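Reproduced below: model-v4.cif, with mmCIF, C-alpha atoms.
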```cif
data_data
loop_
_atom_site.label_atom_id
_atom_site.label_comp_id
_atom_site.auth_asym_id
_atom_site.auth_seq_id
_atom_site.Cartn_x
_atom_site.Cartn_y
_atom_site.Cartn_z
CA MET A 14 79.12 34.57 79.08
CA ALA A 15 77.31 36.09 82.03
CA ALA A 16 76.64 39.22 79.98
CA TYR A 17 75.00 37.11 77.21
CA LEU A 18 72.69 35.31 79.60
CA GLN A 19 71.70 38.55 81.26
CA GLU A 20 70.88 40.10 77.83
CA ARG A 21 68.76 37.05 76.84
CA ASN A 22 66.74 37.19 80.05
CA MET A 23 66.10 40.91 79.55
CA SER A 24 64.74 40.34 76.06
CA ALA A 25 62.37 37.63 77.33
CA VAL A 26 61.06 39.90 80.04
CA SER A 27 60.62 42.89 77.72
CA GLY A 28 58.63 40.80 75.16
CA ALA A 29 61.07 41.26 72.32
CA PRO A 30 60.27 38.98 69.35
CA ARG A 31 62.12 35.79 69.09
CA PRO A 32 63.93 34.94 65.91
CA THR A 33 61.56 33.27 63.40
CA GLN A 34 61.93 29.57 62.82
CA ARG A 35 62.19 28.11 59.32
CA PRO A 36 58.98 26.17 58.39
CA ARG A 37 59.22 22.44 58.14
CA SER A 38 59.26 20.93 54.70
CA ARG A 39 56.12 18.94 53.77
CA SER A 40 56.61 15.38 52.80
CA PRO A 41 55.15 14.23 49.46
CA GLY A 42 52.69 11.96 51.27
CA ASN A 43 51.22 14.76 53.38
CA LEU A 44 50.97 17.04 50.36
CA ARG A 45 48.93 14.50 48.38
CA GLN A 46 46.62 13.93 51.34
CA GLN A 47 45.93 17.66 51.72
CA LEU A 48 45.28 18.10 48.02
CA HIS A 49 42.87 15.21 48.12
CA GLN A 50 40.94 16.78 50.98
CA GLN A 51 40.56 20.17 49.27
CA PRO A 52 37.47 20.51 47.03
CA GLN A 53 38.32 20.70 43.33
CA ARG A 54 37.03 23.61 41.37
CA SER A 55 34.85 22.74 38.37
CA SER A 56 36.21 23.67 35.02
CA SER A 57 34.37 25.89 32.55
CA SER A 58 33.41 22.89 30.37
CA GLN A 59 31.83 21.17 33.38
CA ARG A 60 29.85 24.29 34.20
CA ARG A 61 28.60 24.48 30.63
CA ARG A 62 27.49 20.86 30.74
CA GLN A 63 25.61 21.46 33.97
CA GLN A 64 23.86 24.45 32.41
CA ASP A 65 22.90 22.37 29.36
CA THR A 66 21.55 19.65 31.65
CA ARG A 67 19.38 22.13 33.52
CA ARG A 68 18.20 23.59 30.24
CA ASP A 69 17.18 20.11 28.94
CA ARG A 70 15.10 19.24 31.97
CA PRO A 71 11.45 18.35 31.16
CA SER A 72 10.29 21.38 33.12
CA PHE A 73 12.07 23.59 30.60
CA TRP A 74 11.07 22.15 27.21
CA GLN A 75 7.70 20.62 28.11
CA HIS A 76 6.13 22.87 30.74
CA ALA A 77 7.54 26.27 29.82
CA CYS A 78 4.52 28.26 28.70
CA GLY A 79 4.68 29.44 25.10
CA LEU A 80 2.73 32.60 25.94
CA CYS A 81 4.29 33.98 29.12
CA GLN A 82 7.46 31.83 29.28
CA ASP A 83 6.77 30.83 32.90
CA ASP A 84 7.45 27.31 34.10
CA HIS A 85 3.88 25.99 33.95
CA ALA A 86 1.72 24.09 31.49
CA LEU A 87 -0.23 25.94 28.83
CA SER A 88 -3.50 24.75 30.38
CA SER A 89 -2.57 26.60 33.61
CA CYS A 90 -1.71 29.90 31.94
CA ARG A 91 -4.14 32.67 32.94
CA ARG A 92 -3.51 34.48 29.70
CA PHE A 93 -4.48 31.35 27.74
CA ILE A 94 -7.55 30.65 29.89
CA ASN A 95 -8.86 34.20 29.42
CA MET A 96 -8.88 33.75 25.62
CA SER A 97 -11.93 32.73 23.63
CA PRO A 98 -12.11 29.09 22.38
CA TYR A 99 -11.33 30.32 18.86
CA GLN A 100 -8.19 32.14 20.07
CA ARG A 101 -7.10 29.14 22.15
CA TYR A 102 -7.34 26.83 19.15
CA GLU A 103 -5.36 29.23 16.97
CA THR A 104 -2.68 29.51 19.69
CA VAL A 105 -2.39 25.74 19.96
CA GLU A 106 -2.09 25.28 16.19
CA ARG A 107 0.29 28.19 15.64
CA ARG A 108 2.65 27.17 18.44
CA SER A 109 2.55 23.42 17.62
CA TYR A 110 0.85 22.16 20.77
CA CYS A 111 -1.08 18.88 20.97
CA ARG A 112 -4.83 19.47 20.60
CA ASN A 113 -5.64 16.59 22.93
CA CYS A 114 -3.45 17.22 26.00
CA LEU A 115 -1.84 20.64 25.23
CA ALA A 116 1.69 19.21 25.49
CA LYS A 117 4.60 20.68 23.58
CA SER A 118 6.48 17.41 23.09
CA HIS A 119 4.20 15.91 20.40
CA LEU A 120 1.24 16.57 18.10
CA ALA A 121 -2.29 15.17 18.17
CA PRO A 122 -1.70 12.16 15.83
CA ASP A 123 1.02 10.88 18.22
CA CYS A 124 -0.87 11.59 21.46
CA THR A 125 -1.29 8.61 23.79
CA SER A 126 -3.57 10.35 26.28
CA LEU A 127 -6.88 8.57 26.91
CA THR A 128 -8.60 11.73 28.16
CA SER A 129 -11.09 13.43 25.84
CA CYS A 130 -13.17 16.59 26.08
CA HIS A 131 -15.25 16.59 29.28
CA LYS A 132 -18.14 18.31 27.51
CA CYS A 133 -18.54 16.33 24.27
CA ASP A 134 -16.15 13.35 24.71
CA PHE A 135 -14.43 14.20 21.39
CA ARG A 136 -10.67 14.01 20.90
CA HIS A 137 -9.64 17.55 21.88
CA HIS A 138 -8.87 19.38 25.11
CA THR A 139 -11.77 20.73 27.12
CA LEU A 140 -10.37 24.29 26.86
CA LEU A 141 -10.76 24.06 23.06
CA HIS A 142 -14.41 23.07 23.23
CA GLY A 143 -16.59 25.52 21.33
CA ALA A 144 -13.96 26.57 18.79
CA SER A 145 -15.47 26.94 15.33
CA GLN A 146 -12.51 25.06 13.82
CA ILE A 147 -13.57 21.84 15.60
CA GLU A 148 -16.48 19.73 14.37
CA GLU A 149 -18.61 19.10 17.42
CA PRO A 150 -20.82 15.97 17.63
CA PRO A 151 -24.54 16.52 17.11
CA GLN A 152 -26.42 16.98 20.37
CA ASN A 153 -29.67 15.35 21.50
CA ILE A 154 -30.28 13.30 18.35
CA PRO A 155 -32.45 10.27 19.13
CA GLU A 156 -30.93 6.92 18.32
CA THR A 157 -32.71 4.95 15.61
CA ILE A 158 -32.53 1.19 15.27
CA ILE A 159 -32.21 0.08 11.66
CA LYS A 160 -34.06 -3.11 10.87
CA PHE A 161 -32.57 -5.01 7.96
CA THR A 162 -34.91 -6.50 5.40
CA TRP A 163 -32.66 -9.49 4.71
CA ASP A 164 -31.23 -11.61 7.48
CA LEU A 165 -29.59 -14.40 5.47
CA VAL A 166 -27.31 -14.52 2.46
CA PHE A 167 -26.81 -17.30 -0.07
CA VAL A 168 -23.13 -18.03 -0.68
CA PRO A 169 -21.94 -19.34 -4.07
CA THR A 170 -21.31 -23.05 -3.61
CA ALA A 171 -20.52 -25.74 -6.18
CA MET A 172 -20.08 -29.50 -6.24
CA VAL A 173 -16.84 -30.16 -8.13
CA ARG A 174 -14.94 -33.22 -9.19
CA VAL A 175 -11.38 -33.28 -7.90
CA VAL A 176 -8.82 -35.35 -9.76
CA ALA A 177 -5.35 -36.05 -8.45
CA GLU A 178 -2.48 -35.51 -10.88
CA GLY A 179 -1.75 -38.67 -12.88
CA MET A 180 -4.95 -40.46 -11.78
CA GLU A 181 -8.22 -41.24 -13.56
CA THR A 182 -10.57 -41.58 -10.60
CA TYR A 183 -12.11 -38.51 -8.94
CA ALA A 184 -13.85 -37.46 -5.74
CA THR A 185 -16.71 -34.96 -5.42
CA LEU A 186 -16.21 -32.12 -2.93
CA ARG A 187 -18.38 -29.16 -2.01
CA ALA A 188 -16.55 -25.94 -2.84
CA LEU A 189 -17.12 -22.30 -1.98
CA ILE A 190 -16.22 -19.72 -4.62
CA LEU A 191 -14.46 -17.10 -2.52
CA GLN A 192 -13.32 -14.28 -4.79
CA GLY A 193 -11.86 -12.23 -1.94
CA ALA A 194 -9.43 -14.97 -0.84
CA THR A 195 -5.87 -14.67 -2.13
CA MET A 196 -5.40 -18.41 -2.65
CA SER A 197 -7.41 -21.61 -2.86
CA ARG A 198 -7.53 -24.00 0.11
CA ILE A 199 -8.40 -27.65 0.63
CA SER A 200 -9.12 -29.45 3.89
CA TYR A 201 -6.44 -31.70 5.32
CA SER A 202 -8.93 -34.58 5.61
CA SER A 203 -9.74 -34.36 1.87
CA PHE A 204 -6.05 -34.14 1.04
CA ARG A 205 -5.41 -37.41 2.89
CA ARG A 206 -8.52 -39.13 1.55
CA LEU A 207 -7.67 -38.33 -2.08
CA GLY A 208 -4.03 -39.39 -1.71
CA LEU A 209 -2.71 -36.08 -3.05
CA ARG A 210 0.95 -35.13 -3.05
CA SER A 211 2.20 -32.02 -1.27
CA PHE A 212 5.06 -29.59 -1.67
CA LEU A 213 6.54 -26.91 0.57
CA TYR A 214 6.49 -23.23 -0.44
CA LYS A 215 7.49 -20.43 1.96
CA ASP A 216 7.11 -22.75 4.94
CA ARG A 217 3.54 -23.65 3.97
CA ARG A 218 2.25 -26.96 2.60
CA PHE A 219 0.48 -26.94 -0.81
CA THR A 220 -0.95 -29.56 -3.15
CA THR A 221 -1.86 -29.70 -6.86
CA PHE A 222 -4.98 -31.19 -8.48
CA LYS A 223 -7.56 -30.57 -11.22
CA ILE A 224 -11.18 -29.50 -10.75
CA MET A 225 -14.03 -30.24 -13.16
CA SER A 226 -17.76 -29.61 -13.27
CA ARG A 227 -20.02 -32.11 -11.52
CA ASN A 228 -21.64 -32.73 -14.90
CA THR A 229 -19.68 -35.66 -16.34
CA SER A 230 -20.50 -34.60 -19.89
CA GLU A 231 -18.43 -31.43 -19.48
CA THR A 232 -14.77 -31.57 -20.52
CA TRP A 233 -13.66 -28.29 -18.92
CA ALA A 234 -10.91 -28.71 -16.33
CA LEU A 235 -8.63 -26.39 -14.38
CA LYS A 236 -5.36 -27.23 -12.64
CA ILE A 237 -4.87 -25.33 -9.38
CA ASN A 238 -2.50 -25.14 -6.42
CA ALA A 239 -4.24 -25.13 -3.04
CA LEU A 240 -3.08 -24.58 0.50
CA ILE A 241 -3.67 -27.54 2.80
CA SER A 242 -5.65 -26.15 5.75
CA ASN A 243 -6.93 -27.45 9.06
CA GLU A 244 -9.58 -24.70 9.14
CA LEU A 245 -11.71 -26.66 6.70
CA PRO A 246 -14.26 -28.23 6.56
CA TYR A 247 -16.99 -25.96 7.96
CA ARG A 248 -20.71 -25.51 7.37
CA PRO A 249 -21.82 -22.34 5.50
CA TYR A 250 -25.16 -21.68 7.26
CA ASN A 251 -26.22 -21.39 10.88
CA ASP A 252 -29.98 -21.58 10.19
CA PRO A 253 -31.91 -23.68 7.70
CA ILE A 254 -33.16 -21.99 4.52
CA ILE A 255 -36.82 -22.60 3.73
CA GLU A 256 -37.40 -20.93 0.37
CA ASP A 257 -35.94 -22.46 -2.77
CA PRO A 258 -34.24 -20.08 -5.25
CA THR A 259 -33.50 -22.85 -7.77
CA LYS A 260 -37.06 -23.71 -8.86
CA ASP A 261 -36.68 -21.87 -12.20
CA PHE A 262 -33.25 -23.39 -12.99
CA PRO A 263 -32.76 -26.71 -14.78
CA THR A 264 -30.95 -29.13 -12.50
CA ASN A 265 -28.19 -29.82 -15.00
CA ARG A 266 -27.32 -26.10 -15.11
CA LEU A 267 -26.71 -25.72 -11.38
CA ALA A 268 -23.21 -25.92 -9.93
CA ASP A 269 -24.70 -27.18 -6.65
CA VAL A 270 -27.83 -29.33 -6.81
CA ASP A 271 -28.94 -28.14 -3.36
CA PRO A 272 -27.43 -24.70 -2.59
CA ARG A 273 -29.71 -24.53 0.47
CA GLY A 274 -28.06 -27.57 1.95
CA ASN A 275 -25.62 -27.36 4.81
CA LEU A 276 -23.06 -29.91 3.68
CA PRO A 277 -19.57 -28.92 4.86
CA ILE A 278 -17.26 -26.83 2.68
CA GLU A 279 -14.09 -28.82 1.96
CA LEU A 280 -12.61 -26.66 -0.80
CA GLU A 281 -12.31 -22.89 -1.24
CA LEU A 282 -11.70 -21.55 -4.74
CA GLY A 283 -10.01 -18.18 -4.23
CA GLY A 284 -9.17 -15.21 -6.40
CA ASP A 285 -6.38 -17.19 -8.08
CA THR A 286 -9.05 -19.24 -9.90
CA TYR A 287 -11.96 -16.80 -10.18
CA SER A 288 -11.05 -15.30 -13.55
CA ALA A 289 -10.87 -18.80 -15.08
CA ILE A 290 -14.18 -19.90 -13.51
CA SER A 291 -16.45 -16.85 -13.96
CA ARG A 292 -18.72 -16.24 -16.96
CA GLU A 293 -20.92 -13.28 -17.96
CA GLY A 294 -24.43 -14.72 -17.57
CA ARG A 295 -26.77 -13.75 -14.70
CA LEU A 296 -30.37 -14.80 -13.99
CA PHE A 297 -32.78 -13.52 -11.34
CA THR A 298 -34.19 -16.21 -9.06
CA GLY A 299 -37.31 -14.27 -8.05
CA LEU A 300 -36.34 -14.17 -4.34
CA GLY A 301 -34.99 -11.06 -2.64
CA ASP A 302 -31.76 -10.02 -4.35
CA VAL A 303 -30.67 -13.58 -5.09
CA TYR A 304 -29.23 -14.21 -8.57
CA GLY A 305 -27.77 -17.16 -10.38
CA TYR A 306 -24.31 -16.35 -11.72
CA GLU A 307 -22.92 -18.43 -14.57
CA THR A 308 -19.55 -20.12 -14.11
CA ALA A 309 -17.61 -22.89 -15.79
CA LEU A 310 -18.96 -25.16 -13.05
CA GLY A 311 -22.61 -24.17 -13.71
CA PHE A 312 -24.85 -21.50 -12.15
CA VAL A 313 -24.01 -20.59 -8.56
CA ILE A 314 -26.66 -18.97 -6.35
CA SER A 315 -25.67 -15.85 -4.40
CA GLY A 316 -27.33 -12.88 -2.72
CA PRO A 317 -29.40 -11.85 0.34
CA ILE A 318 -32.76 -13.53 0.94
CA LYS A 319 -35.45 -12.99 3.58
CA ASN A 320 -35.37 -16.08 5.74
CA MET A 321 -38.76 -17.49 6.81
CA GLU A 322 -39.45 -18.29 10.45
CA ARG A 323 -38.99 -21.87 11.57
CA SER A 324 -42.16 -23.91 11.95
#
```

This entry written out as structure tokens:
Amino acid sequence: MAAYLQERNMSAVSGAPRPTQRPRSRSPGNLRQQLHQQPQRSSSSQRRRQQDTRRDRPSFWQHACGLCQDDHALSSCRRFINMSPYQRYETVERRSYCRNCLAKSHLAPDCTSLTSCHKCDFRHHTLLHGASQIEEPPQNIPETIIKFTWDLVFVPTAMVRVVAEGMETYATLRALILQGATMSRISYSSFRRLGLRSFLYKDRRFTTFKIMSRNTSETWALKINALISNELPYRPYNDPIIEDPTKDFPTNRLADVDPRGNLPIELELGGDTYSAISREGRLFTGLGDVYGYETALGFVISGPIKNMERS
């Protein structure tokens, strides 16, 4: 025993290595904590996605120059700026750039930029100004003021008899023959006054009635459907008309006894009735370009006339 202790003390003094100790086993809890603290390496698929994201950045597909492939706009490229306007325009067209803002993401018809050429204010980039492919606005042309000869227009009006369906009595309304309208219209006040019936079609209220000439000796009649409108009645003229275009027409041949009058329009006869109303006759009134056009309701007066000054 004494020999063993003496040998152990000698080994400690001489620095001899001690016998290695077996490492402690790691508990499952400590192992999970260490793994959680270590940074995870990204997989190859994650790296590819990051590369695709960098490649899809706006600075790559919008600002990468199509000439030198640097990350700047085409308008900042020295190679592009040193070209002639003709060459710049050809480069823009050939490489599908927008002519207005020189962006790669869209073409000129879809451009929302409000900036125009600083030299001519036309819709193209200033760097393209002077290219022979672009029509430039004329320069230094004096503005001319066109004075119109006619400053008032007769509109074709007619006094018509309106008869409700199933009734004998009628009411006289002033109508405007409006060929460009898609449907006929009647004022709501006239609809109520005449006691007409209404029906609903495509969420809009219509009524049905017959129209006849103001001349009671005429037997012509036309059944129409009209939209009931609150936009009627209205007056056709803003200024009084002095000259009379009806002096050469017999009174019984006129659709409106006083086409110069400013009685309100309560009925519009649209394109749905025009083919049934119109006739082929036409007579010159002797004023301006005003003519009398024959219809089933009588002659209507229409055309531009030079309005006289008010006294």

*So which residues get picked by the PyMOL selection byres ((chain A and resi 140) around 10) here, written as a list in words?*
Ser88, Phe93, Ile94, Met96, Ser97, Pro98, Arg101, Tyr102, Arg112, Asn113, Cys114, Leu115, Cys130, His131, Lys132, His137, His138, Thr139, Leu141, His142, Gly143 and Ala144 of chain A

_If we count all atoms listed in the file and set the cut-off at 9 Å, which residues sit around Met196 of chain A, ignoring sequence neighbours fewer than 3 positions away in its own chain? Please answer as a ChimeraX atom specification._
/A:193,238-240,281-286

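When only C-alpha atoms are used to compute distances to Lys117 of chain A, the closest of the residues A:Gly311, A:Ala77, A:Phe135, A:Asp271 turns out to be A:Ala77.
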
_Who sits within 12 Å of Gly208 of chain A, only C-alpha atoms, same chain under 2 positions skipped, as JSON, numbers by chain_ = {"A": [175, 176, 177, 178, 179, 180, 182, 183, 184, 201, 202, 203, 204, 205, 206, 210, 211, 220, 221, 222]}

With all atoms of segment 229-239 of chain A from the file as input, state the centre and edge lengths in Å to one decimal of the axis-aligned box that has 6 Å extra on each side, as AutoDock Vina command-line options.
```
--center_x -11.5 --center_y -30.4 --center_z -11.8 --size_x 30.0 --size_y 22.5 --size_z 29.5
```

*Hey, can you pull every residue with an atom no more than 8 Å from (-13.2, -32.2, -10.2), using all atoms listed in the file, and send it as a list in words?*
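Protein and nucleic acid residues near the point are Val173, Arg174, Val175, Val176, Tyr183, Ala184, Thr185, Leu186, Lys223, Ile224, Met225, Ser226, Arg227 and Ala234 of chain A.
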
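Proximity to Phe297 of chain A was assessed for A:Pro253, A:Pro258, A:Gly79, A:Pro277 counting all atoms listed in the file; the smallest distance is recorded for A:Pro258.
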
*At what distance in Å, to one decimal, does atom CA of Thr170 of chain A lie from atom CA of Arg187 of chain A?*
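Going from atom CA of Arg187 of chain A over to atom CA of Thr170 of chain A, I get 7.0 Å.
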
*With only C-alpha atoms as the basis for distance, which of A:Thr298, A:Asn243, A:Ser109, A:Ser118 is at the shortest distance from Asp257 of chain A?*
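The answer is A:Thr298, which sits nearest to Asp257 of chain A.
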
*Work out how far apart atom CA of Tyr304 of chain A and atom CA of Asp261 of chain A are and give it in Å to one decimal.*
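Between atom CA of Tyr304 of chain A and atom CA of Asp261 of chain A the gap works out to 11.3 Å.
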
*What is the atom CA of Ser315 of chain A to atom CA of Leu235 of chain A distance in Å?*
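Taking atom CA of Ser315 of chain A as the start and atom CA of Leu235 of chain A as the end point, the length is 22.4 Å.
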
_Show me, as a PyMOL selection string, the residues that have an atom within 12 Å of Arg273 of chain A when counting all atoms listed in the file, minus same-chain residues fewer than 4 positions from it._
chain A and resi 165-171+248-260+269+277+313-315+318+320

*Could you tell me which of A:Ile199, A:Pro272, A:Thr229, A:Asn265 comes closest to Leu245 of chain A if we count all atoms listed in the file?*
A:Ile199

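Taking all atoms listed in the file into account, Ser288 of chain A lies nearest to A:Ala309 out of the set A:Ala309, A:Cys81, A:Pro246, A:Ser200.
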
*Counting all atoms listed in the file, the residue of A:Ser89, A:Ala289, A:Leu300, A:Asp216 that sits nearest Lys236 of chain A*: A:Ala289

*Give as a count of residues only the residues that the PyMOL selection byres ((chain A and resi 123-125) around 8) matches when applied to the coordinates above.*
9
